[in-house]
file entry19.txt (compact mmCIF, C-alpha atoms)
# COMPACT_ATOMS: atom_id res chain seq x y z
CA MET P 17 134.63 72.93 84.02
CA PRO P 18 137.13 73.26 86.89
CA GLU P 19 140.43 71.42 86.74
CA PRO P 20 140.55 68.22 88.81
CA ALA P 21 142.52 68.16 92.02
CA ALA P 22 145.92 66.51 92.07
CA PHE P 23 145.07 63.40 94.09
CA ALA P 24 141.89 62.35 95.81
CA VAL P 25 144.04 60.71 98.49
CA ASN P 26 147.59 61.71 99.34
CA PRO P 27 149.91 58.99 97.99
CA VAL P 28 152.86 59.01 100.35
CA GLU P 29 155.31 57.59 97.81
CA ALA P 30 154.47 60.20 95.16
CA ILE P 31 154.84 63.08 97.58
CA ASP P 32 158.13 61.73 98.89
CA PHE P 33 159.35 61.25 95.31
CA LEU P 34 158.81 64.96 94.63
CA ARG P 35 160.16 66.30 97.90
CA ARG P 36 163.48 64.49 97.78
CA LYS P 37 164.38 65.74 94.31
CA VAL P 38 167.34 68.12 94.17
CA ARG P 39 167.05 71.39 92.27
CA VAL P 40 169.12 71.55 89.05
CA PRO P 41 169.31 74.70 86.86
CA THR P 42 168.66 74.20 83.15
CA GLN P 43 168.43 76.16 79.92
CA ARG P 44 166.40 73.68 77.87
CA TRP P 45 164.06 70.79 78.64
CA THR P 46 166.58 68.43 77.01
CA ASP P 47 169.32 69.33 79.54
CA VAL P 48 167.88 66.65 81.83
CA TRP P 49 166.87 63.46 80.08
CA GLN P 50 164.43 60.69 80.95
CA GLY P 51 165.31 58.94 84.24
CA MET P 52 167.44 61.91 85.36
CA HIS P 53 164.15 63.64 86.18
CA SER P 54 163.56 61.15 88.98
CA ALA P 55 166.53 62.62 90.87
CA ALA P 56 166.36 66.27 89.78
CA PHE P 57 163.71 68.96 90.01
CA VAL P 58 163.93 71.19 86.95
CA VAL P 59 161.93 73.87 85.20
CA ALA P 60 163.22 74.43 81.68
CA GLY P 61 164.89 77.84 81.46
CA ALA P 62 165.01 78.34 85.24
CA GLU P 63 168.69 78.86 86.07
CA SER P 64 168.38 80.61 89.45
CA ASP P 65 168.39 78.41 92.55
CA ALA P 66 166.03 80.84 94.29
CA LEU P 67 163.56 80.63 91.39
CA LEU P 68 163.77 76.83 91.35
CA ALA P 69 163.34 76.66 95.12
CA ASP P 70 160.10 78.64 94.92
CA PHE P 71 158.73 76.46 92.11
CA HIS P 72 159.76 73.28 93.92
CA GLU P 73 158.03 74.38 97.11
CA ALA P 74 154.90 75.43 95.20
CA VAL P 75 154.67 72.16 93.26
CA ASN P 76 155.23 70.12 96.43
CA ARG P 77 152.58 72.00 98.39
CA ASN P 78 149.96 72.03 95.66
CA ILE P 79 150.29 68.33 94.90
CA ALA P 80 150.51 67.25 98.56
CA GLU P 81 147.39 69.26 99.39
CA GLY P 82 145.47 68.02 96.34
CA ARG P 83 145.05 71.50 94.90
CA THR P 84 143.94 72.26 91.34
CA LEU P 85 145.86 73.62 88.37
CA GLU P 86 144.09 76.97 88.78
CA GLN P 87 145.29 77.18 92.37
CA PHE P 88 148.84 76.37 91.26
CA ARG P 89 148.61 79.16 88.67
CA ALA P 90 148.23 81.69 91.46
CA ASP P 91 151.60 80.53 92.79
CA PHE P 92 153.04 80.54 89.27
CA ASP P 93 152.03 84.19 88.78
CA ARG P 94 153.46 85.19 92.16
CA ILE P 95 156.80 83.44 91.54
CA VAL P 96 157.20 84.84 88.02
CA ALA P 97 156.50 88.36 89.27
CA ALA P 98 158.85 88.05 92.26
CA HIS P 99 161.79 86.85 90.14
CA GLY P 100 161.06 88.73 86.93
CA TRP P 101 161.31 85.44 85.06
CA SER P 102 160.97 85.58 81.29
CA TYR P 103 159.71 82.24 80.03
CA ARG P 104 158.77 80.73 76.69
CA GLY P 105 155.17 80.02 75.76
CA SER P 106 151.89 81.32 77.12
CA ARG P 107 151.18 81.57 80.81
CA ASN P 108 148.44 78.92 80.75
CA TRP P 109 150.48 76.46 78.68
CA ARG P 110 153.68 76.85 80.73
CA SER P 111 151.98 76.58 84.12
CA ARG P 112 150.05 73.52 82.95
CA MET P 113 153.24 71.81 81.74
CA ILE P 114 155.03 72.39 85.05
CA PHE P 115 152.11 71.25 87.17
CA GLN P 116 150.83 68.29 85.17
CA THR P 117 154.20 66.84 84.21
CA ASN P 118 155.34 66.82 87.84
CA LEU P 119 151.95 65.50 88.95
CA ARG P 120 151.83 62.63 86.49
CA THR P 121 155.43 61.49 86.86
CA ALA P 122 155.18 61.64 90.67
CA TYR P 123 151.99 59.61 90.59
CA SER P 124 153.66 57.15 88.20
CA ALA P 125 156.67 56.72 90.50
CA GLY P 126 154.50 56.29 93.58
CA ARG P 127 152.26 53.83 91.75
CA TRP P 128 155.30 51.74 90.79
CA ALA P 129 156.44 51.58 94.42
CA GLN P 130 152.96 50.33 95.41
CA ILE P 131 152.95 47.80 92.56
CA GLN P 132 156.25 46.33 93.74
CA ARG P 133 154.85 45.78 97.23
CA LEU P 134 151.78 43.95 95.92
CA LYS P 135 153.18 41.99 92.99
CA ALA P 136 153.32 38.67 94.86
CA THR P 137 149.50 38.59 95.03
CA ARG P 138 148.74 40.89 92.07
CA PRO P 139 151.38 39.95 89.50
CA TYR P 140 149.88 41.54 86.35
CA LEU P 141 149.55 45.04 84.92
CA ARG P 142 146.96 46.17 82.41
CA TYR P 143 147.63 49.18 80.18
CA VAL P 144 144.65 51.54 80.30
CA ALA P 145 144.17 54.34 77.77
CA VAL P 146 141.47 57.01 77.83
CA MET P 147 139.51 55.93 74.78
CA ASP P 148 138.37 59.22 73.25
CA GLU P 149 139.20 61.35 70.22
CA ARG P 150 142.30 62.82 71.92
CA THR P 151 144.00 59.45 72.51
CA ARG P 152 147.12 58.71 70.48
CA PRO P 153 146.58 55.84 68.00
CA LEU P 154 149.30 53.61 69.47
CA HIS P 155 148.17 54.28 73.04
CA ARG P 156 144.70 53.19 71.92
CA HIS P 157 146.28 50.05 70.44
CA TRP P 158 148.07 49.30 73.74
CA HIS P 159 144.80 49.50 75.70
CA ASP P 160 144.02 46.19 77.48
CA THR P 161 147.58 44.88 77.08
CA VAL P 162 148.10 42.63 80.14
CA LEU P 163 151.65 41.63 81.06
CA SER P 164 153.58 40.46 84.09
CA VAL P 165 154.71 43.24 86.43
CA ASP P 166 158.28 42.16 85.69
CA ASP P 167 157.95 42.27 81.89
CA PRO P 168 160.71 44.50 80.44
CA TRP P 169 158.09 46.38 78.38
CA TRP P 170 157.14 48.37 81.48
CA ALA P 171 160.69 49.79 81.74
CA THR P 172 159.95 51.98 78.70
CA HIS P 173 156.13 52.00 78.36
CA PHE P 174 154.95 52.72 81.90
CA PRO P 175 152.73 55.86 81.64
CA PRO P 176 152.95 58.75 81.14
CA ASN P 177 154.29 58.12 77.64
CA GLY P 178 154.33 61.69 76.37
CA TRP P 179 153.29 65.27 76.97
CA ASN P 180 149.70 65.33 78.27
CA CYS P 181 149.49 61.53 78.13
CA ARG P 182 146.50 60.41 80.24
CA CYS P 183 147.19 56.66 80.20
CA SER P 184 147.50 54.61 83.39
CA VAL P 185 147.94 51.01 84.56
CA GLN P 186 145.74 48.68 86.58
CA GLN P 187 147.28 46.01 88.81
CA LEU P 188 145.52 42.65 88.66
CA SER P 189 145.40 39.29 90.38
CA GLU P 190 144.47 35.96 88.79
CA ARG P 191 140.97 36.40 90.18
CA ASP P 192 140.76 39.89 88.61
CA LEU P 193 141.56 38.46 85.19
CA THR P 194 138.61 36.08 85.47
CA ARG P 195 136.30 38.75 86.86
CA TYR P 196 137.02 41.25 84.06
CA GLY P 197 137.30 38.68 81.29
CA LEU P 198 140.93 39.56 80.55
CA LYS P 199 143.80 37.36 79.40
CA VAL P 200 147.53 37.79 79.74
CA SER P 201 148.88 38.99 76.39
CA GLU P 202 150.97 36.44 74.50
CA ARG P 203 153.76 39.00 74.20
CA ALA P 204 154.37 42.70 74.61
CA PRO P 205 153.39 44.99 71.74
CA ASP P 206 156.11 45.60 69.18
CA SER P 207 158.25 48.62 70.05
CA PRO P 208 160.31 49.56 67.00
CA LEU P 209 162.69 52.46 67.52
CA VAL P 210 162.13 55.56 65.44
CA ALA P 211 164.41 58.55 64.89
CA ARG P 212 163.25 61.85 66.37
CA GLU P 213 165.06 65.19 66.21
CA ILE P 214 165.26 67.34 69.33
CA ASN P 215 166.84 70.71 70.13
CA THR P 216 169.70 70.69 72.64
CA ARG P 217 172.15 73.33 73.82
CA SER P 218 174.59 71.82 71.27
CA GLY P 219 172.09 72.12 68.41
CA LYS P 220 169.75 69.61 66.82
CA VAL P 221 170.35 65.99 67.85
CA THR P 222 168.68 62.81 66.60
CA VAL P 223 167.57 60.35 69.27
CA GLN P 224 166.03 56.88 69.00
CA VAL P 225 162.75 56.40 70.89
CA PRO P 226 160.12 53.63 70.90
CA GLU P 227 157.37 54.38 68.42
CA GLY P 228 154.41 56.03 70.13
CA ILE P 229 156.44 57.55 72.97
CA ASP P 230 157.49 61.20 73.00
CA PRO P 231 161.24 61.91 73.26
CA GLY P 232 162.27 62.01 76.91
CA PHE P 233 159.43 59.78 78.15
CA ALA P 234 160.79 56.29 77.36
CA TYR P 235 161.53 55.43 80.98
CA ASN P 236 159.76 54.26 84.10
CA PRO P 237 159.78 57.03 86.76
CA GLY P 238 159.35 54.47 89.54
CA ILE P 239 162.34 52.35 88.50
CA ALA P 240 164.49 55.47 88.09
CA GLY P 241 163.29 56.84 91.42
CA PHE P 242 163.09 53.76 93.64
CA GLY P 243 164.78 50.94 91.75
CA ASN P 244 163.20 47.85 90.26
CA GLY P 245 162.13 46.01 93.37
CA ALA P 246 164.59 47.81 95.64
CA GLN P 247 163.32 48.06 99.20
CA GLY P 248 165.29 51.08 100.42
CA LEU P 249 165.31 54.64 99.15
CA ALA P 250 168.83 55.52 100.29
CA MET P 251 171.34 55.79 97.46
CA GLU P 252 173.75 52.87 97.23
CA ARG P 253 177.17 54.19 98.16
CA HIS P 254 179.47 51.56 96.76
CA GLY P 255 177.55 49.70 94.06
CA ALA P 256 178.14 49.50 90.31
CA TRP P 257 176.95 52.76 88.75
CA ALA P 258 177.09 53.63 85.03
CA PRO P 259 177.25 57.32 84.02
CA LEU P 260 174.27 58.94 82.30
CA ASP P 261 174.19 62.01 80.12
CA ALA P 262 171.65 64.00 78.15
CA PRO P 263 171.69 64.12 74.33
CA GLY P 264 174.16 66.65 72.96
CA ALA P 265 176.14 66.90 76.21
CA GLY P 266 179.87 66.55 76.62
CA GLU P 267 180.83 68.54 73.54
CA GLU P 268 182.12 71.65 75.29
CA ARG P 269 185.84 72.37 75.08
CA LEU P 270 187.03 72.91 78.62
CA PRO P 271 189.48 75.66 79.54
CA PRO P 272 192.40 74.93 81.87
CA LEU P 273 191.64 75.13 85.58
CA PRO P 274 193.10 78.12 87.44
CA ILE P 275 195.70 77.28 90.07
CA ASP P 276 194.78 78.48 93.55
CA ARG P 277 197.19 79.00 96.38
CA SER P 278 196.43 76.84 99.39
CA THR P 279 195.22 78.79 102.41
CA ALA P 280 194.79 75.78 104.70
CA PRO P 281 197.95 74.11 105.96
CA PRO P 282 197.99 70.30 106.07
CA ILE P 283 196.52 68.89 109.25
CA ARG P 284 199.19 67.40 111.46
CA GLY P 285 198.99 63.81 112.54
CA ALA P 286 198.40 60.50 110.86
CA GLY P 287 195.07 58.91 110.05
CA ASP P 288 196.24 55.48 111.12
CA SER P 289 193.05 54.63 113.00
CA GLU P 290 189.35 55.35 112.76
CA ASP P 291 189.49 57.65 115.79
CA ALA P 292 192.38 59.60 114.25
CA LEU P 293 190.56 60.05 110.93
CA ARG P 294 187.42 61.29 112.65
CA ALA P 295 189.42 63.70 114.80
CA MET P 296 191.20 65.13 111.74
CA LEU P 297 187.91 65.76 109.93
CA ARG P 298 186.44 67.27 113.10
CA GLN P 299 189.39 69.68 113.25
CA ALA P 300 188.91 70.65 109.59
CA ILE P 301 185.19 71.46 109.66
CA GLY P 302 184.77 72.51 113.28
CA GLY P 303 182.77 69.53 114.51
CA ASP P 304 181.23 66.28 113.42
CA GLU P 305 179.10 68.07 110.84
CA ALA P 306 179.02 71.36 108.95
CA VAL P 307 176.67 72.78 106.33
CA LEU P 308 178.53 74.73 103.65
CA THR P 309 177.03 76.97 100.94
CA ASP P 310 178.52 77.03 97.45
CA PRO P 311 178.51 79.93 94.91
CA ALA P 312 175.52 78.38 93.09
CA ALA P 313 173.46 78.55 96.32
CA GLY P 314 173.72 74.82 96.95
CA ARG P 315 174.02 73.68 100.56
CA VAL P 316 176.22 70.67 101.30
CA ARG P 317 176.19 68.76 104.56
CA VAL P 318 179.73 67.59 105.28
CA SER P 319 179.92 64.97 108.00
CA GLN P 320 181.68 61.87 109.20
CA ALA P 321 180.19 60.11 106.16
CA ILE P 322 183.43 61.07 104.41
CA VAL P 323 185.39 59.02 106.92
CA ASP P 324 182.89 56.19 106.57
CA HIS P 325 183.62 56.19 102.84
CA LEU P 326 187.37 55.99 103.46
CA LEU P 327 186.99 53.16 105.95
CA ALA P 328 184.87 51.11 103.53
CA ASP P 329 187.86 50.46 101.25
CA ALA P 330 191.47 50.16 102.36
CA GLY P 331 192.58 51.50 98.98
CA ARG P 332 191.13 54.90 99.86
CA ARG P 333 193.48 55.28 102.84
CA ASP P 334 195.99 57.27 100.78
CA GLY P 335 196.85 60.20 103.04
CA ARG P 336 194.15 62.52 101.79
CA GLU P 337 193.08 63.17 105.38
CA ARG P 338 196.07 65.54 105.75
CA TYR P 339 194.21 67.91 103.41
CA PHE P 340 190.79 67.78 105.06
CA GLY P 341 191.31 71.46 105.88
CA LEU P 342 190.76 72.29 102.19
CA ILE P 343 187.19 71.00 102.23
CA PRO P 344 185.43 74.27 103.23
CA GLY P 345 187.27 76.17 100.48
CA ILE P 346 186.41 73.57 97.85
CA VAL P 347 182.69 74.03 98.46
CA GLU P 348 182.66 77.76 99.14
CA ASP P 349 185.16 78.78 96.44
CA PRO P 350 185.49 76.05 93.79
CA ALA P 351 186.79 76.57 90.28
CA GLU P 352 183.85 74.61 88.90
CA ILE P 353 180.72 72.76 90.00
CA TRP P 354 179.41 69.87 87.94
CA ILE P 355 176.24 67.81 88.16
CA GLY P 356 176.55 64.16 87.20
CA TRP P 357 173.94 61.41 86.89
CA ALA P 358 174.47 57.67 87.13
CA ILE P 359 172.27 54.59 86.98
CA ASP P 360 172.58 51.56 89.22
CA VAL P 361 173.25 48.70 86.81
CA ILE P 362 171.24 46.22 88.90
CA THR P 363 168.18 48.14 90.11
CA GLY P 364 167.91 50.80 87.39
CA ARG P 365 167.68 53.58 89.97
CA VAL P 366 169.14 56.94 88.97
CA GLY P 367 171.40 58.84 91.37
CA LEU P 368 172.62 62.42 91.25
CA ARG P 369 175.98 63.77 92.35
CA ARG P 370 177.48 67.23 92.67
CA ARG P 371 181.21 67.53 92.00
CA TYR P 372 183.36 70.38 93.25
CA VAL P 373 186.65 70.88 91.42
CA LYS P 374 189.64 72.98 92.43
CA LEU P 375 193.30 73.01 91.41
CA VAL P 376 195.40 73.91 94.44
CA ASP P 377 199.14 74.45 94.74
CA ILE P 378 199.91 71.93 97.47
CA GLY P 379 202.95 70.64 95.66
CA GLY P 380 203.04 69.36 92.11
CA GLY P 381 199.87 71.17 90.98
CA ARG P 382 197.49 68.89 92.82
CA ILE P 383 193.77 68.84 92.23
CA VAL P 384 191.35 68.53 95.10
CA GLY P 385 187.72 67.57 94.82
CA LEU P 386 184.58 66.85 96.80
CA VAL P 387 181.76 64.60 95.62
CA ALA P 388 178.33 65.06 97.19
CA ASP P 389 175.32 62.76 96.74
CA ALA P 390 171.71 63.81 96.41
CA ASP P 391 170.33 62.55 99.71
CA GLY P 392 166.72 63.16 100.68
CA GLY P 393 166.46 66.44 98.77
CA GLU P 394 169.79 67.71 100.11
CA TRP P 395 173.44 67.36 99.17
CA SER P 396 175.50 65.14 101.45
CA GLY P 397 179.31 64.99 101.19
CA LEU P 398 180.37 61.50 100.15
CA THR P 399 184.09 61.67 99.51
CA PHE P 400 187.00 64.08 99.39
CA PHE P 401 190.24 63.41 97.54
CA ARG P 402 193.38 64.95 96.13
CA GLY P 403 195.43 63.79 93.18
CA ARG P 404 197.17 64.72 89.96
CA ALA P 405 195.82 67.57 87.85
CA ASP P 406 194.89 65.22 85.00
CA GLY P 407 192.50 63.51 87.37
CA ALA P 408 190.14 66.47 86.87
CA LEU P 409 188.80 64.77 83.77
CA ARG P 410 186.98 62.30 86.01
CA LEU P 411 185.14 65.14 87.72
CA ARG P 412 184.62 67.54 84.81
CA SER P 413 181.81 65.62 83.18
CA GLY P 414 178.05 65.81 83.18
CA ARG P 415 176.42 69.22 83.46
CA LEU P 416 178.52 72.28 84.33
CA ILE P 417 176.43 74.58 86.55
CA TYR P 418 179.12 76.97 87.82
CA ARG P 419 182.50 78.26 86.70
CA ARG P 420 184.39 80.91 88.65
call {"tool": "encode", "arguments": {"input": "entry19.txt", "output": "structure tokens"}}
result
Amino acid sequence: MPEPAAFAVNPVEAIDFLRRKVRVPTQRWTDVWQGMHSAAFVVAGAESDALLADFHEAVNRNIAEGRTLEQFRADFDRIVAAHGWSYRGSRNWRSRMIFQTNLRTAYSAGRWAQIQRLKATRPYLRYVAVMDERTRPLHRHWHDTVLSVDDPWWATHFPPNGWNCRCSVQQLSERDLTRYGLKVSERAPDSPLVAREINTRSGKVTVQVPEGIDPGFAYNPGIAGFGNGAQGLAMERHGAWAPLDAPGAGEERLPPLPIDRSTAPPIRGAGDSEDALRAMLRQAIGGDEAVLTDPAAGRVRVSQAIVDHLLADAGRRDGRERYFGLIPGIVEDPAEIWIGWAIDVITGRVGLRRRYVKLVDIGGGRIVGLVADADGGEWSGLTFFRGRADGALRLRSGRLIYRR
């Protein structure tokens, strides 16, 4: 029997969810954890940006065009051959995991965005399991659970809830409940946490997950991708964000940063007005905007958004504009590049940032850095700063993807 196509009808939200992900190299599937997947496109063991770019393009095209798994496998074979990629597992298993996991989480995220738009008139969700011999016992038990769209249970139990999970949700109105003979459940099913052991780059780590959910799946892709009820898709620039990390991360002992000699003299003038700040950045990057390529093949759009960030808070007007000329060198020749995730504490949406770190001799062993946001599938420069060398600890966290 042929594999089913991705979608019978193109869901705009699901396709957009996939396209705006930013490529992140990984060694293991646990390098990126739960909601981080809503911001990052990863293929476990794919550490080359060129390899990731080809897989990202192939997944996007196949899902947007409603193609089948067998059609995606033709792309999989071509990409593996072109890059000489050595992967774990069989060809059929690995290609299926890449295709179906991206398909199901994208559909889940897009479905959540649709649910949020309709919840005023259709305020309930019904958990629907495929009731056959392959269905997990607890997923079978959750079948026909009906809860409010806003019930916290959906933050961890919105399908898919594991590898090859086929469960889904149905959105219902009051009239639907009567028509189908359903009742709102008195409470959500019990969700005791159980200990599960996973392999990470730091060794075996024990994580706590809700019973019945595979490790790494206890999150809602739509909340992580779009926010819980958030109307816009643009990342909040100045909200309250809490850092996220994968299990087993943050245990690496970091070597000292090398000290580079500055090759860009301070820009003359004073950034005592908005026009002056914009002119100083324009002088540094050769215009209002420049696209710079880093050693890990990432492309960063540097624009007047950096000045916008400075103007948003008077406390950021600290003279850093004199060193705008260092920005191209920070991106093109950094000491390190880090990937960091954070979650908006109000909406639950997960954001992704790229941090460039460099220690430059501009007097007193100063560190300079650039922070870039994931923005519509690209990196967009958010802020540039300079400070004391011990300030590097704020940047050297998350996932190290490049060291000179």
call {"tool": "closest_residue", "arguments": {"input": "entry19.txt", "among": "P:Tyr140, P:Trp49, P:Trp395, P:Trp128", "to": "P:Pro231", "atoms": "only C-alpha atoms"}}
result
P:Trp49
call {"tool": "residues_near_point", "arguments": {"input": "entry19.txt", "point": "(152.3, 55.5, 83.4)", "cutoff": "8 Å", "atoms": "all atoms listed in the file", "output": "list in words"}}
result
Arg120, Thr121, Ser124, His173, Phe174, Pro175, Pro176, Asn177, Cys183, Ser184, Val185 and Asn236 of chain P
call {"tool": "atom_distance", "arguments": {"input": "entry19.txt", "atom1": "atom CA of P:Leu297", "atom2": "atom CA of P:Asp324"}}
result
11.3 Å
call {"tool": "closest_residue", "arguments": {"input": "entry19.txt", "among": "P:Pro311, P:Pro41, P:Pro139, P:Pro27", "to": "P:Ile79", "atoms": "only C-alpha atoms"}}
result
P:Pro27
call {"tool": "atom_distance", "arguments": {"input": "entry19.txt", "atom1": "atom CA of P:Leu198", "atom2": "atom CA of P:Arg152"}}
result
22.5 Å
call {"tool": "closest_residue", "arguments": {"input": "entry19.txt", "among": "P:Pro344, P:Gly393, P:Pro237, P:Gly364", "to": "P:His53", "atoms": "only C-alpha atoms"}}
result
P:Pro237
call {"tool": "closest_residue", "arguments": {"input": "entry19.txt", "among": "P:Ala30, P:Ile114, P:Ala351, P:Val225", "to": "P:Phe71", "atoms": "all atoms listed in the file"}}
result
P:Ile114
call {"tool": "atom_distance", "arguments": {"input": "entry19.txt", "atom1": "atom CA of P:Ile31", "atom2": "atom CA of P:Gly238"}}
result
12.6 Å
call {"tool": "residues_around", "arguments": {"input": "entry19.txt", "residues": "P:Asp32", "least_positions_apart": "5", "cutoff": "10 Å", "atoms": "only C-alpha atoms", "output": "MDAnalysis selection string"}}
result
chainID P and resid 27 37 76 80 122 125:126 392:393
call {"tool": "residues_around", "arguments": {"input": "entry19.txt", "residues": "P:Lys374", "least_positions_apart": "2", "cutoff": "12 Å", "atoms": "only C-alpha atoms", "output": "ChimeraX atom specification"}}
result
/P:272-278,342-354,371-372,376-378,381-387,400-409,411-412,419-420
call {"tool": "closest_residue", "arguments": {"input": "entry19.txt", "among": "P:Arg39, P:Glu29, P:Ala204, P:Ala90", "to": "P:Arg127", "atoms": "only C-alpha atoms"}}
result
P:Glu29
call {"tool": "axis_aligned_box", "arguments": {"input": "entry19.txt", "around": "stretch 275-278 of chain P", "padding_each_side": "6 Å", "output": "lines of an AutoDock Vina configuration file"}}
result
center_x = 196.0
center_y = 77.9
center_z = 94.7
size_x = 14.4
size_y = 14.2
size_z = 21.3
call {"tool": "closest_residue", "arguments": {"input": "entry19.txt", "among": "P:Leu270, P:Leu67, P:Ala265, P:Leu134", "to": "P:Gly414", "atoms": "all atoms listed in the file"}}
result
P:Ala265
